[in-house]
Amino acid sequence: MIYVILLTGSTHGVFRNQRSLNPEANMNISQLISYWGYPDEEYNIVTEDGYILGLYRIPYGKTNTNNSAQRLVVYLQHGLLTSANSWISNLPNNSLGFILADAGYDVWMGNSRGTTWSRKHVYLKVNSKEFWAFSFDEMAKYDLPASIDFIVKQTGQEEIFYVGHSQGATIAFITFSTMPQIAERIKIFFALAPVFSTKYTKSPLVNMADKLKSVIKAFTGNQDFLPKTSFNRFVGSRLCPLPIFDKICLDTLFMIFGYDAKNLNTSRLDVYFSQNPEGTSVQNMLHWSQLLHSNHMKAFDWGSPVLNLVHFNQTTSPLYNVTAMNVTTATWNGGSDLLADPEDIKILLSEITNLIYHKTISSYNHIDFLFGLDVYHQVYHEIIDIIEKNL
């Protein structure tokens with residue numbers, strides 16, 4: 001099919017009307033940071049269970065170049081099927097990673113296991129089933145603590161600010177409610193489009209994973225799910241910039257995340273589609289499918305009482321209790337979000353014991369919190385204001 005599109009496009013001049021490609025579409029995270037003139041640091045950290053994670057840092061902004069000054073740390077954690085590049089994929093005045101750096105903060109960006117930048121292990125091979133036997137349980141138990149511990153030791157900061165989008169908020173709720181030694185290092189937790197309860201979620205992606213789980217397992221070998229490939233880059237750099245395909249690309253985004261067509265910079269579709277999806281494990285998608293239509297967050301059910309007993313010392317997968325978290329929290333959600341449905345957000349809010357701020361943006365979908373044209377005015381400047389008021 002791709003060959004026919006290319007051949008037809010070349011023959012009939014379709015590609016002549018292609019919008020010019022944004023150079024960032026084919027850049028890695030370090031290149032993206034450097035491209036806009038910001039300092040970049042890259043670290044590989046090792047989790048307790050042996051996964052090697054890529055951790056990225058923007059230590060200061062373009063206007064704050066005194067790199068000897070100690071700055072407050074803000075840690076950014078991406079959501080499902082994205083990576084740290086989601087914080088820097090827009091122009092600098094609309095990307096949270098760059099905005100925080102220019103505001104004088106020391107910005108760190110994590111990458112969950114299984115994404116493009118965290119696909120290594122101390123002894124497991126990436127193409128083995130053992131490598132991919134994880135879900136967001138392990139991200140919360142191992143990835144987040146390893147990242148936060150490293151940042152605290154590297155910077156000497158006892159407390160840091162945490163921003164999580166989607167699954168990046170999910171794993172924070174789990175970590176901060178089950179590991180008080182990590183929770184006490186978080187000054188404020190900012191949750192953007194948090195997903196915890198999924199009783200009302202309307203996302204076709206999660207529903208598809210549930211309905212087609214047998215097919216997905218058969219075709220993937222129960223290993224990785226939607227990794228970044230050359231096909232991603234082809235779609236992003238060759239198809240989405242074409243007038244005849246940009247509507248298809250837009251509709252694909254909105255079908256998964258919710259509609260808000262007026263709030264997306266369509267000139268950067270090549271960047272969004274070339275850089276995403278970044279992959280995760282099939283097990284992680286199955287974990288989400290297990291939670292469909294549930295108002296409780298539970299650990300992954302391994303499929304039998306015996307296996308659950310091995311992993312949890314009980315025959316059923318345990319519940320996660322948000323009320324046990326005592327971290328100061330601020331939340332934002334969208335009224336048109338298919339993943340973090342407003343009704344699910346109400347369930348979550350009722351369980352947060354130290355909520356200092358909440359805002360619902362009626363027009364917002366799930367990715368507006370990353371790519372929305374007005375996201376600085378709706379969300380990002382409020383994050384900075386809250387930080388400044390709580391110093």
# chains A, B, ... in the order shown; residues from 1 in each chain; ligands from 1
$ select_by_dssp --residues "region 16-230 of chain A" --states "helix (DSSP H, G or I)" --output "PyMOL selection string"
chain A and resi 16-17+23-26+29-35+84-87+92-94+96-102+136-155+167-178+180-183+204-211+213-220+230
$ residues_around --residues "Pro305 (chain A)" --least-positions-apart "4" --cutoff "7 Å" --atoms "only C-alpha atoms" --output "PyMOL selection string"
chain A and resi 309+315-316
$ closest_residue --among "A:Ser203, A:Asn326, A:Ser363, A:Thr155" --to "Thr252 (chain A)" --atoms "only C-alpha atoms"
A:Ser203
$ closest_residue --among "A:Ser147, A:Asn354, A:Gln314, A:Asn276" --to "Thr331 (chain A)" --atoms "only C-alpha atoms"
A:Asn354
$ residues_around --residues "Thr323 (chain A)" --least-positions-apart "2" --cutoff "6 Å" --atoms "only C-alpha atoms" --output "count of residues only"
5
$ closest_atom_pairs --of "region 275-320 of chain A" --to "region 167-187 of chain A" --cutoff "12 Å" --atoms "only C-alpha atoms" --output "CSV"
residue,atom,partner,partner_atom,distance
A:Thr280,CA,A:Gln167,CA,11.6
A:Asn284,CA,A:Gln167,CA,10.7
A:Met285,CA,A:Gln167,CA,11.5
A:Trp288,CA,A:Gln167,CA,10.2
A:Met297,CA,A:Ile174,CA,9.0
A:Lys298,CA,A:Ile174,CA,9.7
A:Ala299,CA,A:Ile174,CA,9.6
A:Pro318,CA,A:Ile174,CA,11.7
A:Leu319,CA,A:Ile174,CA,10.0
A:Tyr320,CA,A:Ile174,CA,6.5
$ select_by_dssp --residues "region 108-189 of chain A" --states "strand (DSSP E or B)" --output "mmCIF file with C-alpha atoms, in the first residue's frame"
data_model
loop_
_atom_site.group_PDB
_atom_site.id
_atom_site.type_symbol
_atom_site.label_atom_id
_atom_site.label_comp_id
_atom_site.auth_asym_id
_atom_site.auth_seq_id
_atom_site.Cartn_x
_atom_site.Cartn_y
_atom_site.Cartn_z
ATOM 1 C CA TRP A 108 14.461 16.860 34.169
ATOM 2 C CA MET A 109 12.476 14.594 31.849
ATOM 3 C CA GLY A 110 12.034 10.870 32.414
ATOM 4 C CA LYS A 120 18.004 -1.567 27.495
ATOM 5 C CA HIS A 121 18.607 -3.915 30.384
ATOM 6 C CA ILE A 160 11.449 18.543 43.769
ATOM 7 C CA PHE A 161 8.322 19.504 41.829
ATOM 8 C CA TYR A 162 6.659 16.767 39.780
ATOM 9 C CA VAL A 163 4.548 17.151 36.630
ATOM 10 C CA GLY A 164 2.868 14.062 35.188
ATOM 11 C CA HIS A 165 0.681 13.769 32.111
ATOM 12 C CA ILE A 186 7.850 15.850 46.266
ATOM 13 C CA LYS A 187 7.079 19.480 47.036
ATOM 14 C CA ILE A 188 4.016 19.659 44.760
ATOM 15 C CA PHE A 189 2.530 17.115 42.340
#
$ closest_residue --among "A:Ala261, A:Met255, A:Val271, A:Leu391" --to "Cys240 (chain A)" --atoms "only C-alpha atoms"
A:Val271
$ residues_around --residues "Tyr376 (chain A)" --least-positions-apart "5" --cutoff "9 Å" --atoms "only C-alpha atoms" --output "count of residues only"
7
$ decode --residues "region 316-364 of chain A" --atoms "N, CA and C atoms" --output "compact mmCIF listing (two decimals), in the first residue's frame"
# COMPACT_ATOMS: atom_id res chain seq x y z
N THR A 316 -5.23 -12.42 44.62
CA THR A 316 -5.80 -11.42 43.71
C THR A 316 -4.88 -10.22 43.65
N SER A 317 -4.99 -9.47 42.56
CA SER A 317 -4.14 -8.27 42.43
C SER A 317 -4.64 -7.20 43.39
N PRO A 318 -3.75 -6.53 44.12
CA PRO A 318 -4.16 -5.57 45.14
C PRO A 318 -4.66 -4.25 44.56
N LEU A 319 -5.49 -3.56 45.32
CA LEU A 319 -5.96 -2.23 44.96
C LEU A 319 -4.93 -1.19 45.35
N TYR A 320 -4.88 -0.10 44.58
CA TYR A 320 -4.07 1.07 44.95
C TYR A 320 -4.98 2.10 45.60
N ASN A 321 -4.54 2.66 46.69
CA ASN A 321 -5.36 3.56 47.49
C ASN A 321 -4.80 4.98 47.46
N VAL A 322 -5.43 5.86 46.68
CA VAL A 322 -4.95 7.23 46.55
C VAL A 322 -5.06 8.00 47.87
N THR A 323 -6.03 7.64 48.69
CA THR A 323 -6.20 8.38 49.95
C THR A 323 -4.99 8.25 50.86
N ALA A 324 -4.14 7.26 50.59
CA ALA A 324 -2.92 7.08 51.39
C ALA A 324 -1.82 8.06 50.99
N MET A 325 -2.03 8.80 49.91
CA MET A 325 -1.02 9.76 49.44
C MET A 325 -1.22 11.10 50.13
N ASN A 326 -0.14 11.64 50.67
CA ASN A 326 -0.23 12.92 51.39
C ASN A 326 0.57 14.02 50.71
N VAL A 327 0.73 13.92 49.40
CA VAL A 327 1.50 14.91 48.65
C VAL A 327 0.58 16.04 48.21
N THR A 328 1.03 17.27 48.37
CA THR A 328 0.28 18.43 47.89
C THR A 328 0.08 18.30 46.38
N THR A 329 -1.17 18.42 45.93
CA THR A 329 -1.50 18.08 44.55
C THR A 329 -2.36 19.15 43.89
N ALA A 330 -2.05 19.43 42.61
CA ALA A 330 -2.88 20.30 41.77
C ALA A 330 -3.22 19.54 40.50
N THR A 331 -4.45 19.64 40.02
CA THR A 331 -4.88 18.85 38.87
C THR A 331 -5.58 19.71 37.82
N TRP A 332 -5.45 19.28 36.57
CA TRP A 332 -6.14 19.87 35.44
C TRP A 332 -6.73 18.74 34.60
N ASN A 333 -7.92 18.95 34.08
CA ASN A 333 -8.49 17.95 33.18
C ASN A 333 -9.30 18.62 32.07
N GLY A 334 -9.58 17.86 31.01
CA GLY A 334 -10.30 18.38 29.87
C GLY A 334 -11.71 17.83 29.76
N GLY A 335 -12.65 18.67 29.37
CA GLY A 335 -14.03 18.25 29.23
C GLY A 335 -14.28 17.38 28.02
N SER A 336 -13.36 17.39 27.04
CA SER A 336 -13.50 16.58 25.82
C SER A 336 -12.48 15.46 25.74
N ASP A 337 -11.99 15.04 26.89
CA ASP A 337 -10.94 14.03 26.98
C ASP A 337 -11.56 12.64 26.95
N LEU A 338 -11.18 11.81 25.96
CA LEU A 338 -11.70 10.46 25.86
C LEU A 338 -11.00 9.48 26.78
N LEU A 339 -9.77 9.78 27.18
CA LEU A 339 -9.02 8.89 28.06
C LEU A 339 -9.30 9.19 29.53
N ALA A 340 -9.11 10.44 29.93
CA ALA A 340 -9.39 10.85 31.31
C ALA A 340 -10.77 11.51 31.32
N ASP A 341 -11.80 10.67 31.32
CA ASP A 341 -13.16 11.18 31.24
C ASP A 341 -13.49 12.04 32.47
N PRO A 342 -14.22 13.13 32.30
CA PRO A 342 -14.56 14.00 33.43
C PRO A 342 -15.22 13.28 34.60
N GLU A 343 -16.03 12.25 34.31
CA GLU A 343 -16.66 11.49 35.40
C GLU A 343 -15.63 10.69 36.19
N ASP A 344 -14.63 10.17 35.51
CA ASP A 344 -13.55 9.47 36.20
C ASP A 344 -12.71 10.44 37.03
N ILE A 345 -12.53 11.65 36.52
CA ILE A 345 -11.79 12.66 37.26
C ILE A 345 -12.49 12.97 38.58
N LYS A 346 -13.83 13.02 38.58
CA LYS A 346 -14.57 13.28 39.81
C LYS A 346 -14.29 12.20 40.86
N ILE A 347 -14.22 10.95 40.40
CA ILE A 347 -13.90 9.85 41.32
C ILE A 347 -12.52 10.05 41.91
N LEU A 348 -11.55 10.39 41.07
CA LEU A 348 -10.18 10.60 41.53
C LEU A 348 -10.09 11.76 42.52
N LEU A 349 -10.72 12.87 42.18
CA LEU A 349 -10.64 14.06 43.04
C LEU A 349 -11.18 13.78 44.44
N SER A 350 -12.18 12.92 44.52
CA SER A 350 -12.77 12.61 45.82
C SER A 350 -11.81 11.84 46.72
N GLU A 351 -10.73 11.30 46.15
CA GLU A 351 -9.79 10.49 46.92
C GLU A 351 -8.47 11.21 47.22
N ILE A 352 -8.24 12.37 46.61
CA ILE A 352 -7.01 13.11 46.86
C ILE A 352 -7.17 13.90 48.15
N THR A 353 -6.33 13.62 49.13
CA THR A 353 -6.51 14.20 50.46
C THR A 353 -5.91 15.60 50.62
N ASN A 354 -4.96 15.96 49.75
CA ASN A 354 -4.29 17.26 49.89
C ASN A 354 -4.33 18.01 48.56
N LEU A 355 -5.54 18.25 48.06
CA LEU A 355 -5.73 18.92 46.77
C LEU A 355 -5.78 20.43 47.00
N ILE A 356 -4.85 21.16 46.36
CA ILE A 356 -4.81 22.61 46.55
C ILE A 356 -5.39 23.38 45.37
N TYR A 357 -5.56 22.69 44.23
CA TYR A 357 -6.08 23.39 43.05
C TYR A 357 -6.61 22.37 42.06
N HIS A 358 -7.74 22.72 41.44
CA HIS A 358 -8.26 21.90 40.34
C HIS A 358 -8.90 22.81 39.30
N LYS A 359 -8.70 22.45 38.04
CA LYS A 359 -9.30 23.23 36.95
C LYS A 359 -9.75 22.27 35.84
N THR A 360 -10.99 22.43 35.41
CA THR A 360 -11.50 21.72 34.24
C THR A 360 -11.58 22.69 33.08
N ILE A 361 -10.97 22.33 31.96
CA ILE A 361 -11.02 23.15 30.75
C ILE A 361 -11.97 22.45 29.79
N SER A 362 -13.14 23.00 29.61
CA SER A 362 -14.23 22.29 28.94
C SER A 362 -13.89 21.85 27.52
N SER A 363 -13.11 22.64 26.80
CA SER A 363 -12.82 22.33 25.39
C SER A 363 -11.64 21.37 25.22
N TYR A 364 -10.88 21.11 26.28
CA TYR A 364 -9.62 20.38 26.14
C TYR A 364 -9.81 18.88 25.94
